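See structure below.
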Amino acid sequence: MIRIRVQPEEYRKLAAMEDSMWYFRGLHQRFADFLSLGLPPGRARVLDAGCGAGGFIRRTQPMRPEWEFTGIDIMPQACVLARQRTAARIVEGSITSLPFAAGEFDAVVSGDVVCQVGDDAAALRELARCVRPGGVVAVNVPAFRWLWSYHDQACETLRRYTQREVAALFMQAGLAVRLASYANAVPFLFIVLRRKILRRQDRASDLHLYPRPVEDAFTRVASVENAWLRQGRSLPVGSSVFVVGQKSAY
């Protein structure tokens with residue numbers, strides 16, 4: 001989950017948004033799709049590195065009860081909510097120093113968190129360390145430095161990336177890249193307009209629920225994009241970078 005500096009009572013509002021907003025619906029489905037493609041049938045141990053209030057686990061757990069979920073987040077308030085909202089093991093800690101054994105998980109996902117740490121290369125190395133040989137790592141981060149704006153300030157985003165930059169981080173961590181793509185290609189046009197042309201004066205992020213027709217339309221668009229990515233095809237542009245890698249089996 002993307003973190004915003006808020007008072008503890010605001011975390012429940014953010015959790016509700018994570019459950020309902022089109023952006024998180026699309027992101028969580030993207031993660032679940034690629035874990036389903038990359039993991040063998042049956043039991044699998046899945047780590048959500050930077051789990052926030054547990055939105056991905058909460059949405060995916062009922063659909064994949066055979067997956068054993070663990071979440072980790074550096075924010076104590078987020079961990080409390082994740083424990084309340086899911087049946088997963090939730091640990092407080094940093095993704096740059098994961099308190100797990102090497103190869104402990106079959107898959108690791110991390111949504112918009114690698115971009116928030118000082119040493120992103122160290123974070124990728126930790127994700128790779130904790131996945132078993134042959135296991136899957138999937139990461140989503142914001143795209144394009146030139147798109148940095150008030151939204152990134154509010155979300156504590158330290159950097160935005162190109163597709164090639166994230167793929168390079170995966171390879172440096174010893175992960176073979178299976179898919180490297182942009183995501184949210186259609187919303188990207190609206191995001192550029194909002195953040196770079198019709199600039200807001202306040203410092204609030206764009207993470208909130210939009211009118212129902214907007215949410216429904218963007219949710220459908222995200223579903224179509226995810227179906228495209230599932231076929232192994234990439235998107236040439238988007239507001240996010242999505243990369244899936246695999247650790248060597250040997």
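If you're wondering about the labels, chains in the structure tokens are A, B, ... by order shown, residues count from 1 in each chain, ligands from 1 in order shown.
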
- [ ] Pull the alpha helix (DSSP H) assignments for range 3-72 of chain A out of DSSP run on the backbone, and list those residues as an NGL selection string.
- [x] :A and (11-20 or 22-38 or 55-60)

Open item on the list: Please identify the strand (DSSP E) residues within range 13-163 of chain A (assignment by DSSP from backbone atoms) and present them as JSON, numbers by chain.
Closed with: {"A": [44, 45, 46, 47, 48, 49, 67, 68, 69, 70, 71, 72, 73, 89, 90, 91, 92, 105, 106, 107, 108, 109, 110, 111, 131, 132, 133, 134, 135, 136, 137, 138, 139, 140, 141, 142]}

Writing out the chosen residues with C-alpha atoms as a short mmCIF file (atom, residue, chain, number, x, y, z; two decimals), in the first residue's frame:
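The result, stored in out.cif:
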data_model
loop_
_atom_site.label_atom_id
_atom_site.label_comp_id
_atom_site.auth_asym_id
_atom_site.auth_seq_id
_atom_site.Cartn_x
_atom_site.Cartn_y
_atom_site.Cartn_z
CA ALA A 44 2.31 -21.67 -1.80
CA ARG A 45 3.89 -19.24 0.64
CA VAL A 46 3.36 -15.63 -0.48
CA LEU A 47 4.93 -12.50 1.03
CA ASP A 48 3.41 -9.05 0.55
CA ALA A 49 6.40 -6.76 1.17
CA TRP A 67 -1.87 -19.74 -0.52
CA GLU A 68 -0.30 -19.02 2.86
CA PHE A 69 0.10 -15.24 3.17
CA THR A 70 2.58 -13.20 5.18
CA GLY A 71 2.65 -9.42 5.21
CA ILE A 72 5.30 -6.98 6.38
CA ASP A 73 5.08 -3.22 6.78
CA ARG A 89 0.82 -13.45 9.60
CA ILE A 90 1.75 -9.75 9.76
CA VAL A 91 5.24 -8.61 10.75
CA GLU A 92 6.50 -5.09 11.42
CA PHE A 105 8.64 -17.90 0.26
CA ASP A 106 7.45 -19.22 -3.08
CA ALA A 107 6.51 -15.72 -4.24
CA VAL A 108 7.00 -12.11 -3.16
CA VAL A 109 4.98 -9.10 -4.27
CA SER A 110 5.61 -5.43 -3.48
CA GLY A 111 3.24 -2.67 -4.56
CA VAL A 131 12.14 -16.22 -2.48
CA ARG A 132 12.99 -19.87 -3.11
CA PRO A 133 14.89 -21.04 -6.20
CA GLY A 134 12.40 -20.98 -9.05
CA GLY A 135 10.14 -18.59 -7.13
CA VAL A 136 8.42 -15.45 -8.41
CA VAL A 137 8.96 -11.77 -7.54
CA ALA A 138 6.49 -9.12 -8.79
CA VAL A 139 6.98 -5.39 -8.21
CA ASN A 140 4.91 -2.33 -9.10
CA VAL A 141 6.36 1.21 -8.91
CA PRO A 142 5.41 4.64 -10.31
#

- [ ] Would you work out the distance separating CA of Gln231 in chain A from CA of Phe31 in chain A, expressed in Å to one decimal?
- [x] 14.2 Å

TODO: Extract, using only C-alpha atoms, all DNA, RNA and protein residues at most 7 Å from Ser205 in chain A, discarding same-chain residues fewer than 2 positions from it, and format them as a list in words.
DONE: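 After dropping sequence-adjacent residues, the list is Tyr150, His151, Ala154, Cys155, Arg203 and Leu207 of chain A.
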
Residue neighbourhood Ala128 in chain A, 7 Å, only C-alpha atoms, exclusion window fewer than 2 positions, as a PDB file with N, CA and C atoms, in the first residue's frame:
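So the final result, stored in part-v2.pdb, reads:
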ATOM      1  N   LEU A 124      15.442  -4.805  -3.596  1.00  0.00           N
ATOM      2  CA  LEU A 124      15.274  -5.885  -4.577  1.00  0.00           C
ATOM      3  C   LEU A 124      16.106  -7.094  -4.197  1.00  0.00           C
ATOM      4  N   ARG A 125      17.311  -6.865  -3.688  1.00  0.00           N
ATOM      5  CA  ARG A 125      18.141  -7.999  -3.262  1.00  0.00           C
ATOM      6  C   ARG A 125      17.471  -8.774  -2.129  1.00  0.00           C
ATOM      7  N   GLU A 126      16.815  -8.053  -1.229  1.00  0.00           N
ATOM      8  CA  GLU A 126      16.127  -8.714  -0.120  1.00  0.00           C
ATOM      9  C   GLU A 126      14.923  -9.513  -0.615  1.00  0.00           C
ATOM     10  N   CYS A 130      14.665 -13.734  -0.243  1.00  0.00           N
ATOM     11  CA  CYS A 130      13.626 -14.429   0.520  1.00  0.00           C
ATOM     12  C   CYS A 130      12.763 -15.358  -0.309  1.00  0.00           C
ATOM     13  N   VAL A 131      12.912 -15.318  -1.641  1.00  0.00           N
ATOM     14  CA  VAL A 131      12.135 -16.216  -2.481  1.00  0.00           C
ATOM     15  C   VAL A 131      12.964 -17.467  -2.780  1.00  0.00           C
ATOM     16  N   ALA A 173      19.730  -8.085  -8.979  1.00  0.00           N
ATOM     17  CA  ALA A 173      19.387  -8.893  -7.804  1.00  0.00           C
ATOM     18  C   ALA A 173      19.405 -10.387  -8.108  1.00  0.00           C
ATOM     19  N   LEU A 175      17.547 -11.918 -10.583  1.00  0.00           N
ATOM     20  CA  LEU A 175      16.239 -12.379 -11.018  1.00  0.00           C
ATOM     21  C   LEU A 175      16.120 -12.268 -12.537  1.00  0.00           C
ATOM     22  N   LYS A 247      13.516 -16.336  -9.833  1.00  0.00           N
ATOM     23  CA  LYS A 247      14.829 -16.715  -9.321  1.00  0.00           C
ATOM     24  C   LYS A 247      15.263 -18.026  -9.973  1.00  0.00           C
TER      25      LYS A 247
END
